[in-house]
Amino acid sequence: MIGPADVLLRYLEDEGVLDAERSWQIGRRAHEESCGVEIALEREGVADQRGIALAKSSLMEAPFVDLEHYAIDINNASLISRQLAESSVAFPLFV
């Protein structure tokens, strides 16, 4: 069964960031070290957190939001229910 890590690695292959052999090695390392493929990609110097987030954003066809460009107001959390926020992994950035 193909999981999210496999999808990410395949995407990086399709984008020319990794070849199939390197992708397999990173997947294997993640498994052996019991860490996520994202951590293995970082340890191998393939991608940093931002690059991984951009790849995931593209895969999910969701916009990438750089939180450094926003003043986070914790009061915005009251704009949606906790259940909705947790189920959709969402936080309202602005009103």
# chains A, B, ... in the order shown; residues from 1 in each chain; ligands from 1

$ residues_around --residues "stretch 57-63 of chain A" --least-positions-apart "4" --cutoff "10 Å" --atoms "only C-alpha atoms" --output "short mmCIF file (atom, residue, chain, number, x, y, z; two decimals) with N, CA, C and O atoms, in the first residue's frame"
data_model
loop_
_atom_site.label_atom_id
_atom_site.label_comp_id
_atom_site.auth_asym_id
_atom_site.auth_seq_id
_atom_site.Cartn_x
_atom_site.Cartn_y
_atom_site.Cartn_z
N VAL A 7 4.15 8.90 -1.54
CA VAL A 7 3.63 9.91 -2.47
C VAL A 7 4.58 11.09 -2.53
O VAL A 7 4.89 11.60 -3.61
N LEU A 8 5.07 11.53 -1.38
CA LEU A 8 6.01 12.65 -1.35
C LEU A 8 7.29 12.30 -2.09
O LEU A 8 7.78 13.10 -2.91
N TYR A 11 6.65 12.26 -5.79
CA TYR A 11 6.52 13.63 -6.29
C TYR A 11 7.91 14.24 -6.50
O TYR A 11 8.17 14.87 -7.53
N GLY A 51 11.12 23.71 1.82
CA GLY A 51 11.01 22.98 0.56
C GLY A 51 10.04 21.82 0.65
O GLY A 51 9.26 21.56 -0.28
N ILE A 52 10.06 21.13 1.78
CA ILE A 52 9.13 20.02 1.99
C ILE A 52 7.70 20.55 2.08
O ILE A 52 6.78 19.98 1.50
N ALA A 53 7.52 21.66 2.80
CA ALA A 53 6.18 22.25 2.92
C ALA A 53 5.67 22.70 1.55
O ALA A 53 4.50 22.51 1.23
#

$ residues_around --residues "A:Glu68" --least-positions-apart "3" --cutoff "12 Å" --atoms "only C-alpha atoms" --output "PyMOL selection string"
chain A and resi 50+64-65+71-72+93

$ write_last_selection --atoms "N, CA and C atoms" --output "compact mmCIF listing (two decimals), in the first residue's frame"
# COMPACT_ATOMS: atom_id res chain seq x y z
N ARG A 50 11.05 24.21 4.59
CA ARG A 50 10.29 25.04 3.67
C ARG A 50 10.08 24.32 2.33
N PHE A 64 0.46 27.59 -0.14
CA PHE A 64 1.48 27.62 0.90
C PHE A 64 1.40 28.99 1.56
N VAL A 65 1.36 28.99 2.88
CA VAL A 65 1.28 30.24 3.63
C VAL A 65 2.53 30.34 4.50
N ALA A 71 0.99 38.54 11.36
CA ALA A 71 0.97 38.74 12.80
C ALA A 71 -0.13 37.82 13.34
N ILE A 72 0.26 36.78 14.03
CA ILE A 72 -0.70 35.79 14.51
C ILE A 72 -1.44 36.35 15.73
N LEU A 93 -6.09 32.91 10.11
CA LEU A 93 -4.99 33.87 10.22
C LEU A 93 -5.47 35.30 10.39

$ residues_around --residues "A:Ala30" --least-positions-apart "3" --cutoff "10 Å" --atoms "only C-alpha atoms" --output "PyMOL selection string"
chain A and resi 5+24-27+33-41+43

$ write_last_selection --atoms "C-alpha atoms" --output "short mmCIF file (atom, residue, chain, number, x, y, z; two decimals), in the first residue's frame"
data_model
loop_
_atom_site.label_atom_id
_atom_site.label_comp_id
_atom_site.auth_asym_id
_atom_site.auth_seq_id
_atom_site.Cartn_x
_atom_site.Cartn_y
_atom_site.Cartn_z
CA ALA A 5 5.71 9.26 2.49
CA TRP A 24 14.45 4.36 -2.20
CA GLN A 25 17.50 5.00 0.01
CA ILE A 26 15.78 7.88 1.79
CA GLY A 27 12.62 5.83 2.31
CA GLU A 33 15.68 5.14 11.87
CA SER A 34 11.96 5.20 12.68
CA CYS A 35 11.71 8.82 11.59
CA GLY A 36 9.50 10.50 9.06
CA VAL A 37 10.60 10.75 5.47
CA GLU A 38 10.67 14.52 5.93
CA ILE A 39 13.38 14.18 8.58
CA ALA A 40 15.32 11.78 6.36
CA LEU A 41 15.10 14.26 3.47
CA ARG A 43 19.27 14.79 7.12
#

$ select_by_dssp --residues "chain A" --states "alpha helix (DSSP H)" --output "VMD selection string"
chain A and resid 4 to 14 20 to 32 37 to 43 49 to 59 82 to 88

$ closest_residue --among "A:Arg29, A:Val17, A:Val95, A:Lys56" --to "A:Pro4" --atoms "only C-alpha atoms"
A:Lys56

$ atom_distance --atom1 "atom CA of A:Gly3" --atom2 "atom CA of A:Leu84"
24.6 Å

$ atom_distance --atom1 "atom CA of A:Ala85" --atom2 "atom CA of A:Ala47"
28.5 Å

$ closest_residue --among "A:Leu9, A:Ile2, A:Ile74, A:Val89" --to "A:Glu21" --atoms "only C-alpha atoms"
A:Leu9

$ residues_around --residues "A:Phe91" --least-positions-apart "5" --cutoff "12 Å" --atoms "only C-alpha atoms" --output "NGL selection string"
:A and (65 or 67 or 72-86)

$ closest_residue --among "A:Asp6, A:Glu32, A:Ser87, A:Val46" --to "A:Leu18" --atoms "only C-alpha atoms"
A:Val46

$ atom_distance --atom1 "atom CA of A:Gly45" --atom2 "atom CA of A:Gly16"
15.0 Å

$ decode --residues "stretch 35-47 of chain A" --atoms "N, CA, C and O atoms" --output "PDB file, in the first residue's frame"
ATOM      1  N   CYS A  35      11.992   7.385  11.675  1.00  0.00           N
ATOM      2  CA  CYS A  35      11.711   8.816  11.595  1.00  0.00           C
ATOM      3  C   CYS A  35      10.870   9.047  10.340  1.00  0.00           C
ATOM      4  O   CYS A  35      10.758   8.176   9.485  1.00  0.00           O
ATOM      5  N   GLY A  36      10.278  10.185  10.240  1.00  0.00           N
ATOM      6  CA  GLY A  36       9.501  10.499   9.057  1.00  0.00           C
ATOM      7  C   GLY A  36      10.394  10.719   7.851  1.00  0.00           C
ATOM      8  O   GLY A  36      11.577  11.037   7.984  1.00  0.00           O
ATOM      9  N   VAL A  37       9.830  10.546   6.685  1.00  0.00           N
ATOM     10  CA  VAL A  37      10.601  10.753   5.466  1.00  0.00           C
ATOM     11  C   VAL A  37      11.053  12.212   5.361  1.00  0.00           C
ATOM     12  O   VAL A  37      12.115  12.496   4.799  1.00  0.00           O
ATOM     13  N   GLU A  38      10.278  13.113   5.945  1.00  0.00           N
ATOM     14  CA  GLU A  38      10.665  14.523   5.926  1.00  0.00           C
ATOM     15  C   GLU A  38      11.990  14.727   6.659  1.00  0.00           C
ATOM     16  O   GLU A  38      12.864  15.460   6.198  1.00  0.00           O
ATOM     17  N   ILE A  39      12.142  14.075   7.799  1.00  0.00           N
ATOM     18  CA  ILE A  39      13.381  14.179   8.575  1.00  0.00           C
ATOM     19  C   ILE A  39      14.537  13.563   7.800  1.00  0.00           C
ATOM     20  O   ILE A  39      15.638  14.117   7.746  1.00  0.00           O
ATOM     21  N   ALA A  40      14.275  12.423   7.168  1.00  0.00           N
ATOM     22  CA  ALA A  40      15.318  11.783   6.361  1.00  0.00           C
ATOM     23  C   ALA A  40      15.731  12.676   5.185  1.00  0.00           C
ATOM     24  O   ALA A  40      16.917  12.770   4.864  1.00  0.00           O
ATOM     25  N   LEU A  41      14.777  13.345   4.569  1.00  0.00           N
ATOM     26  CA  LEU A  41      15.102  14.264   3.475  1.00  0.00           C
ATOM     27  C   LEU A  41      15.986  15.405   3.967  1.00  0.00           C
ATOM     28  O   LEU A  41      16.934  15.805   3.282  1.00  0.00           O
ATOM     29  N   GLU A  42      15.683  15.912   5.149  1.00  0.00           N
ATOM     30  CA  GLU A  42      16.497  16.987   5.726  1.00  0.00           C
ATOM     31  C   GLU A  42      17.894  16.484   6.080  1.00  0.00           C
ATOM     32  O   GLU A  42      18.884  17.150   5.770  1.00  0.00           O
ATOM     33  N   ARG A  43      17.968  15.340   6.711  1.00  0.00           N
ATOM     34  CA  ARG A  43      19.271  14.790   7.120  1.00  0.00           C
ATOM     35  C   ARG A  43      20.172  14.522   5.915  1.00  0.00           C
ATOM     36  O   ARG A  43      21.381  14.655   6.002  1.00  0.00           O
ATOM     37  N   GLU A  44      19.557  14.122   4.808  1.00  0.00           N
ATOM     38  CA  GLU A  44      20.315  13.836   3.594  1.00  0.00           C
ATOM     39  C   GLU A  44      20.631  15.104   2.802  1.00  0.00           C
ATOM     40  O   GLU A  44      21.305  15.051   1.783  1.00  0.00           O
ATOM     41  N   GLY A  45      20.112  16.240   3.263  1.00  0.00           N
ATOM     42  CA  GLY A  45      20.389  17.503   2.578  1.00  0.00           C
ATOM     43  C   GLY A  45      19.625  17.677   1.285  1.00  0.00           C
ATOM     44  O   GLY A  45      19.977  18.509   0.450  1.00  0.00           O
ATOM     45  N   VAL A  46      18.557  16.916   1.110  1.00  0.00           N
ATOM     46  CA  VAL A  46      17.755  16.988  -0.109  1.00  0.00           C
ATOM     47  C   VAL A  46      16.832  18.196  -0.082  1.00  0.00           C
ATOM     48  O   VAL A  46      16.672  18.894  -1.076  1.00  0.00           O
ATOM     49  N   ALA A  47      16.222  18.440   1.061  1.00  0.00           N
ATOM     50  CA  ALA A  47      15.267  19.540   1.178  1.00  0.00           C
ATOM     51  C   ALA A  47      15.222  20.021   2.619  1.00  0.00           C
ATOM     52  O   ALA A  47      15.440  19.240   3.542  1.00  0.00           O
TER      53      ALA A  47
END
